[in-house]
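To be precise, the following lines are query-v6.txt, and they hold compact mmCIF, C-alpha atoms and all ligand atoms.
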```txt
# COMPACT_ATOMS: atom_id res chain seq x y z
CA MET A 16 0.00 0.00 0.00
CA THR A 17 2.91 2.33 0.59
CA ARG A 18 4.19 1.78 -2.94
CA ARG A 19 1.55 3.96 -4.54
CA ARG A 20 0.50 7.54 -4.19
CA ARG A 21 -2.71 7.86 -2.21
CA ILE A 22 -5.17 10.06 -4.09
CA TYR A 23 -8.15 10.00 -1.77
CA GLU A 24 -9.34 8.21 1.36
CA GLY A 25 -13.07 7.77 1.83
CA LYS A 26 -15.10 6.02 4.50
CA ALA A 27 -14.96 2.54 3.01
CA LYS A 28 -12.31 2.81 0.30
CA VAL A 29 -8.93 4.29 -0.55
CA LEU A 30 -7.97 5.40 -4.04
CA PHE A 31 -4.38 5.07 -5.19
CA GLU A 32 -2.68 6.19 -8.36
CA GLY A 33 -2.97 3.39 -10.92
CA PRO A 34 -0.19 1.73 -12.94
CA GLU A 35 -1.05 3.67 -16.10
CA PRO A 36 -2.28 7.23 -16.65
CA GLY A 37 -6.04 7.44 -16.42
CA THR A 38 -6.31 4.50 -14.01
CA LEU A 39 -6.77 4.25 -10.26
CA VAL A 40 -6.55 1.42 -7.76
CA GLN A 41 -9.60 1.15 -5.54
CA TYR A 42 -8.77 -0.46 -2.17
CA PHE A 43 -11.72 -1.81 -0.12
CA LYS A 44 -11.48 -1.36 3.66
CA ASP A 45 -13.39 -3.19 6.40
CA ASP A 46 -14.42 0.15 7.94
CA ALA A 47 -18.12 0.91 8.11
CA THR A 48 -19.88 4.16 8.89
CA ALA A 49 -23.53 5.10 9.19
CA PHE A 50 -25.71 8.09 10.01
CA ASN A 51 -23.37 10.59 8.41
CA ASN A 52 -20.29 9.28 10.20
CA GLN A 53 -21.83 9.27 13.69
CA LYS A 54 -21.62 5.48 13.93
CA LYS A 55 -18.29 3.88 13.10
CA GLY A 56 -17.19 0.27 13.14
CA VAL A 57 -15.36 -2.54 11.43
CA ILE A 58 -17.02 -5.38 9.58
CA THR A 59 -14.35 -8.06 9.33
CA GLY A 60 -13.89 -9.31 5.78
CA LYS A 61 -16.27 -6.71 4.29
CA GLY A 62 -13.62 -5.18 2.03
CA VAL A 63 -12.77 -8.55 0.51
CA LEU A 64 -16.42 -9.38 -0.08
CA ASN A 65 -17.39 -5.97 -1.46
CA ASN A 66 -14.44 -6.02 -3.85
CA ARG A 67 -15.65 -9.37 -5.16
CA ILE A 68 -19.37 -8.51 -5.18
CA SER A 69 -18.80 -5.18 -6.91
CA GLU A 70 -16.50 -6.81 -9.47
CA TYR A 71 -19.21 -9.35 -10.24
CA LEU A 72 -22.08 -6.85 -10.53
CA MET A 73 -20.11 -4.26 -12.52
CA SER A 74 -18.95 -6.99 -14.92
CA ARG A 75 -22.49 -8.27 -15.49
CA LEU A 76 -23.71 -4.68 -16.06
CA SER A 77 -20.91 -4.05 -18.50
CA GLU A 78 -21.98 -7.16 -20.45
CA ILE A 79 -25.44 -5.68 -20.96
CA GLY A 80 -23.92 -2.42 -22.20
CA VAL A 81 -23.91 -0.28 -19.06
CA PRO A 82 -20.61 1.63 -19.13
CA THR A 83 -18.67 1.43 -15.85
CA HIS A 84 -15.32 2.55 -14.49
CA PHE A 85 -14.42 -1.04 -13.53
CA MET A 86 -11.48 -2.62 -15.37
CA ARG A 87 -10.41 -5.68 -13.38
CA ARG A 88 -9.90 -7.03 -9.90
CA LEU A 89 -6.24 -7.02 -8.90
CA ASN A 90 -6.28 -8.98 -5.65
CA MET A 91 -8.39 -9.66 -2.55
CA ARG A 92 -8.95 -5.99 -1.70
CA GLU A 93 -8.08 -4.02 -4.80
CA GLN A 94 -9.51 -3.38 -8.22
CA LEU A 95 -8.27 -1.36 -11.16
CA VAL A 96 -10.71 1.32 -12.33
CA ARG A 97 -10.70 4.12 -14.86
CA GLU A 98 -10.11 7.55 -13.44
CA VAL A 99 -13.29 9.56 -13.85
CA GLU A 100 -14.47 12.98 -12.78
CA ILE A 101 -16.99 12.08 -10.08
CA ILE A 102 -20.33 13.87 -10.35
CA PRO A 103 -21.15 15.01 -6.78
CA ILE A 104 -24.62 13.48 -6.80
CA GLU A 105 -25.79 10.22 -5.22
CA VAL A 106 -28.61 8.68 -7.21
CA VAL A 107 -30.88 6.54 -5.03
CA VAL A 108 -33.34 4.16 -6.70
CA ARG A 109 -36.13 2.70 -4.56
CA ASN A 110 -38.50 -0.17 -5.21
CA VAL A 111 -39.77 -0.77 -1.67
CA ALA A 112 -40.14 1.75 1.18
CA ALA A 113 -37.28 1.66 3.71
CA GLY A 114 -34.80 3.87 5.52
CA SER A 115 -35.06 7.60 5.06
CA LEU A 116 -38.07 7.35 2.71
CA SER A 117 -40.06 5.50 5.37
CA ARG A 118 -38.98 8.03 8.01
CA ARG A 119 -39.65 11.08 5.87
CA PHE A 120 -43.12 10.12 4.68
CA GLY A 121 -44.23 7.75 7.44
CA ILE A 122 -44.57 4.83 5.05
CA PRO A 123 -44.01 1.49 6.83
CA GLU A 124 -40.82 -0.33 5.84
CA GLY A 125 -41.51 -3.04 3.31
CA THR A 126 -44.39 -1.26 1.53
CA PRO A 127 -43.92 -1.83 -2.20
CA LEU A 128 -43.76 1.48 -4.06
CA PRO A 129 -46.26 2.08 -6.89
CA ARG A 130 -43.28 2.54 -9.21
CA SER A 131 -39.53 2.87 -8.88
CA ILE A 132 -38.63 6.23 -7.38
CA ILE A 133 -35.39 8.09 -8.07
CA GLU A 134 -33.95 10.59 -5.59
CA TYR A 135 -30.83 12.74 -5.70
CA TYR A 136 -28.53 13.69 -2.83
CA TYR A 137 -25.70 16.21 -3.00
CA LYS A 138 -22.45 14.57 -1.89
CA SER A 139 -21.24 16.67 1.02
CA ASP A 140 -20.16 15.28 4.39
CA GLU A 141 -20.33 18.75 5.95
CA LEU A 142 -23.94 19.20 4.90
CA GLY A 143 -24.91 15.58 5.57
CA ASP A 144 -25.71 14.74 1.93
CA PRO A 145 -28.88 16.84 1.55
CA MET A 146 -31.61 15.69 -0.79
CA VAL A 147 -31.74 17.88 -3.90
CA SER A 148 -33.93 18.25 -6.98
CA GLU A 149 -33.04 18.29 -10.67
CA GLU A 150 -33.36 22.07 -10.50
CA HIS A 151 -30.61 22.33 -7.88
CA ILE A 152 -28.37 19.96 -9.82
CA THR A 153 -28.58 21.85 -13.10
CA ALA A 154 -28.79 25.37 -11.63
CA PHE A 155 -25.68 24.86 -9.48
CA GLY A 156 -23.87 23.14 -12.36
CA TRP A 157 -23.24 19.82 -10.59
CA ALA A 158 -24.44 18.07 -13.74
CA ALA A 159 -25.77 19.26 -17.10
CA PRO A 160 -29.32 18.32 -18.10
CA GLN A 161 -27.91 15.80 -20.60
CA ASP A 162 -25.65 14.26 -17.92
CA LEU A 163 -28.65 13.90 -15.65
CA ASP A 164 -30.73 12.29 -18.41
CA ASP A 165 -27.95 9.75 -18.95
CA MET A 166 -27.67 9.11 -15.19
CA VAL A 167 -31.41 8.46 -14.89
CA ALA A 168 -31.54 6.21 -17.95
CA LEU A 169 -28.55 4.19 -16.67
CA SER A 170 -29.98 4.01 -13.12
CA LEU A 171 -33.25 2.57 -14.42
CA ARG A 172 -31.42 -0.02 -16.52
CA VAL A 173 -29.28 -0.97 -13.53
CA ASN A 174 -32.42 -1.26 -11.42
CA ASP A 175 -34.22 -3.52 -13.91
CA TYR A 176 -31.20 -5.73 -14.42
CA LEU A 177 -30.14 -6.02 -10.79
CA SER A 178 -33.73 -6.51 -9.53
CA GLY A 179 -33.99 -9.57 -11.78
CA LEU A 180 -30.52 -10.83 -10.97
CA PHE A 181 -31.14 -10.62 -7.22
CA LEU A 182 -34.66 -12.05 -7.47
CA GLY A 183 -33.11 -15.08 -9.15
CA ILE A 184 -31.11 -15.75 -5.98
CA GLY A 185 -33.98 -15.10 -3.59
CA LEU A 186 -33.17 -11.47 -2.77
CA LYS A 187 -35.35 -8.40 -3.07
CA LEU A 188 -33.55 -5.25 -4.23
CA VAL A 189 -35.28 -2.76 -1.93
CA ASP A 190 -33.17 0.27 -2.83
CA PHE A 191 -29.62 1.24 -3.75
CA LYS A 192 -27.31 4.18 -4.33
CA LEU A 193 -25.26 4.80 -7.46
CA GLU A 194 -22.52 7.27 -8.31
CA PHE A 195 -21.49 8.35 -11.77
CA GLY A 196 -18.43 9.93 -13.31
CA ARG A 197 -17.40 11.65 -16.51
CA LEU A 198 -14.97 9.63 -18.58
CA TRP A 199 -12.99 11.55 -21.19
CA GLU A 200 -11.82 9.63 -24.25
CA ASN A 201 -10.17 11.81 -26.88
CA GLU A 202 -12.55 14.77 -27.11
CA GLU A 203 -15.60 12.74 -26.16
CA MET A 204 -17.19 12.58 -22.73
CA ARG A 205 -19.31 9.66 -21.50
CA ILE A 206 -21.17 9.22 -18.25
CA VAL A 207 -20.17 5.94 -16.62
CA LEU A 208 -21.12 4.10 -13.46
CA ALA A 209 -18.46 4.56 -10.76
CA ASP A 210 -17.87 3.78 -7.06
CA GLU A 211 -19.08 0.28 -6.05
CA ILE A 212 -22.24 -1.81 -5.91
CA SER A 213 -22.35 -3.92 -2.76
CA PRO A 214 -24.41 -4.54 0.39
CA ASP A 215 -22.88 -1.27 1.68
CA ASN A 216 -25.04 0.68 -0.75
CA CYS A 217 -27.92 -1.68 -1.57
CA ARG A 218 -30.75 -2.89 0.65
CA LEU A 219 -31.21 -6.60 0.01
CA TRP A 220 -33.90 -8.62 1.77
CA ASP A 221 -34.49 -12.34 1.64
CA VAL A 222 -37.60 -12.82 -0.52
CA LYS A 223 -39.21 -15.38 1.79
CA THR A 224 -38.31 -14.12 5.27
CA ASN A 225 -37.56 -10.41 4.62
CA GLU A 226 -34.32 -10.92 6.56
CA LYS A 227 -31.98 -7.99 5.92
CA LEU A 228 -28.73 -8.97 4.22
CA ASP A 229 -27.04 -5.57 3.93
CA LYS A 230 -25.55 -2.67 5.87
CA ASP A 231 -28.79 -2.16 7.83
CA ARG A 232 -27.57 -5.05 10.01
CA PHE A 233 -24.73 -2.72 11.06
CA ARG A 234 -26.85 0.47 11.15
CA GLN A 235 -29.51 -1.16 13.33
CA ASP A 236 -27.22 -3.44 15.41
CA LEU A 237 -28.96 -6.56 14.15
CA GLY A 238 -25.85 -8.75 14.53
CA ARG A 239 -24.45 -11.30 12.05
CA VAL A 240 -23.24 -8.47 9.83
CA GLU A 241 -20.27 -10.31 8.29
CA GLU A 242 -22.45 -13.33 7.67
CA ALA A 243 -24.99 -11.21 5.75
CA TYR A 244 -22.35 -9.91 3.31
CA GLN A 245 -21.04 -13.42 2.96
CA GLU A 246 -24.49 -14.81 2.27
CA VAL A 247 -24.97 -12.31 -0.58
CA ALA A 248 -21.62 -13.37 -2.09
CA ARG A 249 -22.48 -17.03 -1.61
CA ARG A 250 -25.83 -16.66 -3.35
CA LEU A 251 -24.16 -14.82 -6.22
CA GLY A 252 -22.00 -17.92 -6.59
CA ILE A 253 -18.74 -16.10 -5.93
CA LEU A 254 -17.94 -17.70 -2.58
CA PRO A 255 -17.65 -21.39 -1.89
CA GLU A 256 -20.16 -22.80 0.58
CA GLY A 257 -18.78 -22.45 4.08
CA GLY A 258 -18.53 -20.46 7.27
CA PRO A 259 -17.12 -17.03 8.08
CA SER A 260 -13.55 -18.32 8.08
CA ASP A 261 -13.82 -18.56 4.31
CA VAL A 262 -13.26 -14.83 3.79
CA LYS A 263 -10.05 -14.71 5.77
CA GLY A 264 -7.91 -17.07 3.76
CA PRO A 265 -6.29 -15.69 0.64
CA LYS A 266 -7.29 -18.72 -1.42
CA THR A 267 -11.03 -18.43 -0.92
CA LEU A 268 -11.97 -15.96 -3.59
CA GLN A 269 -9.54 -16.91 -6.31
N1 LIG A 301 -27.06 4.94 0.69
C1 LIG A 301 -25.70 4.92 0.51
N2 LIG A 301 -24.96 5.98 0.94
C2 LIG A 301 -25.51 7.07 1.54
C3 LIG A 301 -26.90 7.09 1.73
C4 LIG A 301 -27.65 6.01 1.29
O1 LIG A 301 -25.16 3.97 -0.05
O2 LIG A 301 -24.77 8.01 1.89
C5 LIG A 301 -27.88 3.80 0.21
C6 LIG A 301 -28.44 2.97 1.36
O3 LIG A 301 -27.59 1.88 1.63
C7 LIG A 301 -29.75 2.49 0.79
C8 LIG A 301 -30.18 3.61 -0.17
O4 LIG A 301 -29.01 4.33 -0.48
O5 LIG A 301 -29.58 1.30 0.07
C9 LIG A 301 -31.22 4.55 0.41
O6 LIG A 301 -30.76 5.03 1.64
P1 LIG A 301 -31.65 5.95 2.60
O7 LIG A 301 -31.86 7.27 1.95
O8 LIG A 301 -32.88 5.20 3.00
O9 LIG A 301 -30.66 6.19 3.78
P2 LIG A 301 -30.60 5.82 5.31
O10 LIG A 301 -30.72 7.16 5.96
O11 LIG A 301 -31.69 4.90 5.68
O12 LIG A 301 -29.24 5.22 5.40
```

Can the structure from this file be put into structure tokens for me?
Ligand code: UDP
Amino acid sequence: MTRRRRIYEGKAKVLFEGPEPGTLVQYFKDDATAFNNQKKGVITGKGVLNNRISEYLMSRLSEIGVPTHFMRRLNMREQLVREVEIIPIEVVVRNVAAGSLSRRFGIPEGTPLPRSIIEYYYKSDELGDPMVSEEHITAFGWAAPQDLDDMVALSLRVNDYLSGLFLGIGLKLVDFKLEFGRLWENEEMRIVLADEISPDNCRLWDVKTNEKLDKDRFRQDLGRVEEAYQEVARRLGILPEGGPSDVKGPKTLQ
């Protein structure tokens, strides 16, 4: 880790300078935060699992034509990604009421939404990621109207594809958060999916029991947090059957 220049350290990941210009190495930590940094903890093995889960999901999305920053996984905790200019907007897609939507509107958790709902949050730790509208985004120049159109179209495709993928393994995709970046190739700019897709930023419930298999286990102190991340990986077929010790050995995820 000391070999490379550290570009940025976030809550769950570190970005290092990549081996070639225009690339970055994304390192996945075990650190977890919730409620705008007020709750902090460590979920043992999370970084390894999220690296693997995000690799898998980004690769599947790329196969259906969704452009992403993901290039390849390098090792247990690192992946090579394209350097993009991150758009400071979190796009949340919701299929079922949960979390802040349930709190804000008093809709009981688990209520199916009449249609998928998209929300935007401005990425700012100081401000606590306030919810914003399209008007704010375009007026303040965080994204151009065309960028936003692309982000919405991609988010809906990701939602349709991932909802089906997760349903196939007995998981309900309740909601999730995406981030996008601008990728410059020659004179052309494309909006691509960035960051990660993992149980850190998706709500995933077991279809039959509604058991939560995501970061809400950490947020709400439900216990068996590591096991939940591992169960998602296992169902995706990217972890051999086995107990928690499976994530600790370097051979497990090869
Ligand atoms: N989310 C995220 N990062 C954030 C806020 C939300 O990844 O900074 C994800 C969260 O995991 C969930 C979805 O976005 O899958 C919707 O989150 P919500 O607004 O309900 O947030 P809460 O306040 O409940 O964490």

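Once Leu169 of chain A and its same-chain neighbours fewer than 6 positions away are set aside, Val81, Pro82, Val207 and Leu208 of chain A remain within 9 Å of it when counting all atoms listed in the file.
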
For the residues in the current selection, export C-alpha atoms as a compact mmCIF listing (two decimals), keeping the file's coordinate frame.
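Okay, out_17.txt is ready:
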```
# COMPACT_ATOMS: atom_id res chain seq x y z
CA VAL A 81 -23.91 -0.28 -19.06
CA PRO A 82 -20.61 1.63 -19.13
CA VAL A 207 -20.17 5.94 -16.62
CA LEU A 208 -21.12 4.10 -13.46
```

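For the set A:Ile212, A:Ile206, A:Val173, A:Val57, the residue with the smallest atom-to-atom gap to Gln161 of chain A is A:Ile206, counting all atoms listed in the file.
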
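The list of residues with at least one atom within 8 Å of Phe31 of chain A, based on only C-alpha atoms and without residues fewer than 3 positions apart in the same chain, reads Arg19, Arg20, Arg21, Ile22, Tyr23, Leu39, Val40, Gln41 and Tyr42 of chain A.
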
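You will find atom CA of Asn52 of chain A at 22.4 Å from atom CA of Arg92 of chain A.
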
Produce a table with one row for each residue of chain A that has an atom at most 7 Å from any atom of ligand LIG 301 (chain A), each row naming the nearest atom pair and its distance in Å at one decimal; use all atoms listed in the file; arrange rows by chain and rising residue number; format as a Markdown table.
```
| residue | atom | partner | partner_atom | distance |
| --- | --- | --- | --- | --- |
| A:Ala49 | CA | A:LIG301 | O12 | 6.9 |
| A:Phe50 | CA | A:LIG301 | O12 | 6.5 |
| A:Val107 | CA | A:LIG301 | O4 | 5.4 |
| A:Ala113 | CA | A:LIG301 | O8 | 5.7 |
| A:Gly114 | CA | A:LIG301 | O11 | 3.3 |
| A:Ser115 | CA | A:LIG301 | O8 | 3.8 |
| A:Leu116 | CA | A:LIG301 | O8 | 5.6 |
| A:Asp144 | CA | A:LIG301 | O2 | 6.8 |
| A:Asp190 | CA | A:LIG301 | O5 | 4.7 |
| A:Phe191 | CA | A:LIG301 | O5 | 3.8 |
| A:Lys192 | CA | A:LIG301 | O4 | 4.2 |
| A:Asp215 | CA | A:LIG301 | O3 | 5.7 |
| A:Asn216 | CA | A:LIG301 | O1 | 3.4 |
| A:Cys217 | CA | A:LIG301 | O5 | 3.8 |
| A:Arg218 | CA | A:LIG301 | O5 | 4.4 |
| A:Lys230 | CA | A:LIG301 | O3 | 6.5 |
```

Practice item. Could you please give me, as a VMD selection string, the residues of protein, DNA or RNA lying at most 9 Å from (-30.3, -8.6, -5.9) in the coordinate frame of the file, considering only C-alpha atoms? Key: chain A and resid 177 to 189 217 to 220 247 251

Go ahead and find all residues with at least one atom no further than 6 Å from (-16.8, 8.6, -9.3) in the file's coordinates, using only C-alpha atoms; report them as a PDB file with C-alpha atoms, in the coordinates of the input.
```pdb
ATOM      1  CA  VAL A  99     -13.290   9.560 -13.850  1.00  0.00           C
ATOM      2  CA  ILE A 101     -16.990  12.080 -10.080  1.00  0.00           C
ATOM      3  CA  GLU A 194     -22.520   7.270  -8.310  1.00  0.00           C
ATOM      4  CA  PHE A 195     -21.490   8.350 -11.770  1.00  0.00           C
ATOM      5  CA  GLY A 196     -18.430   9.930 -13.310  1.00  0.00           C
ATOM      6  CA  ALA A 209     -18.460   4.560 -10.760  1.00  0.00           C
ATOM      7  CA  ASP A 210     -17.870   3.780  -7.060  1.00  0.00           C
TER       8      ASP A 210
END
```

Write out as a count of residues only which residues come within 10 Å of Ala158 of chain A when counting only C-alpha atoms, dropping same-chain ones fewer than 5 positions away.
11

Between A:Ser139, A:Gln245, A:Ser131, A:Asn65, smallest distance to Val167 of chain A by only C-alpha atoms belongs to A:Ser131

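Here atom CA of Tyr136 of chain A and atom CA of Glu105 of chain A stand 5.0 Å from one another.
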
Who sits within 8 Å of Glu134 of chain A, all atoms listed in the file, same chain under 6 positions skipped, as a compact mmCIF listing (two decimals) with C-alpha atoms, keeping the file's coordinate frame:
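Result file follows (out.txt):
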```
# COMPACT_ATOMS: atom_id res chain seq x y z
CA VAL A 106 -28.61 8.68 -7.21
CA VAL A 107 -30.88 6.54 -5.03
CA VAL A 108 -33.34 4.16 -6.70
CA MET A 146 -31.61 15.69 -0.79
CA VAL A 147 -31.74 17.88 -3.90
CA SER A 148 -33.93 18.25 -6.98
```

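Across the model, the gap from atom CA of Thr83 of chain A to atom CA of Val29 of chain A is 18.4 Å.
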
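Distance annotation: of A:Leu76, A:Leu30, A:Leu64, A:Met86, the residue with the minimal separation from Asp229 of chain A is A:Leu64; atom set is all atoms listed in the file.
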
What box, with edges along x, y and z, holds each listed atom of segment 232-246 of chain A when 5 Å is added on every side, and can you state its centre and edge lengths in Å to one decimal, as AutoDock Vina command-line options?
```
--center_x -24.9 --center_y -7.2 --center_z 8.8 --size_x 19.2 --size_y 25.3 --size_z 23.1
```

Test item: residues at most 12 Å from Gln53 of chain A, all atoms listed in the file, excluding those fewer than 4 positions along its chain, as a ChimeraX atom specification:
/A:26,47-49,140,143,234

Counting all atoms listed in the file, closest pick from A:Lys54, A:Lys223, A:His84, A:Lys44 relative to Ala27 of chain A is A:Lys44

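Using all atoms listed in the file, the smallest distance between any of A:Gly125, A:Glu246, A:Thr38, A:Pro214 and Val96 of chain A comes from A:Thr38.
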
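Using all atoms listed in the file, the smallest distance between any of A:Ser170, A:Pro145, A:Phe155, A:Phe120 and Ile133 of chain A comes from A:Ser170.
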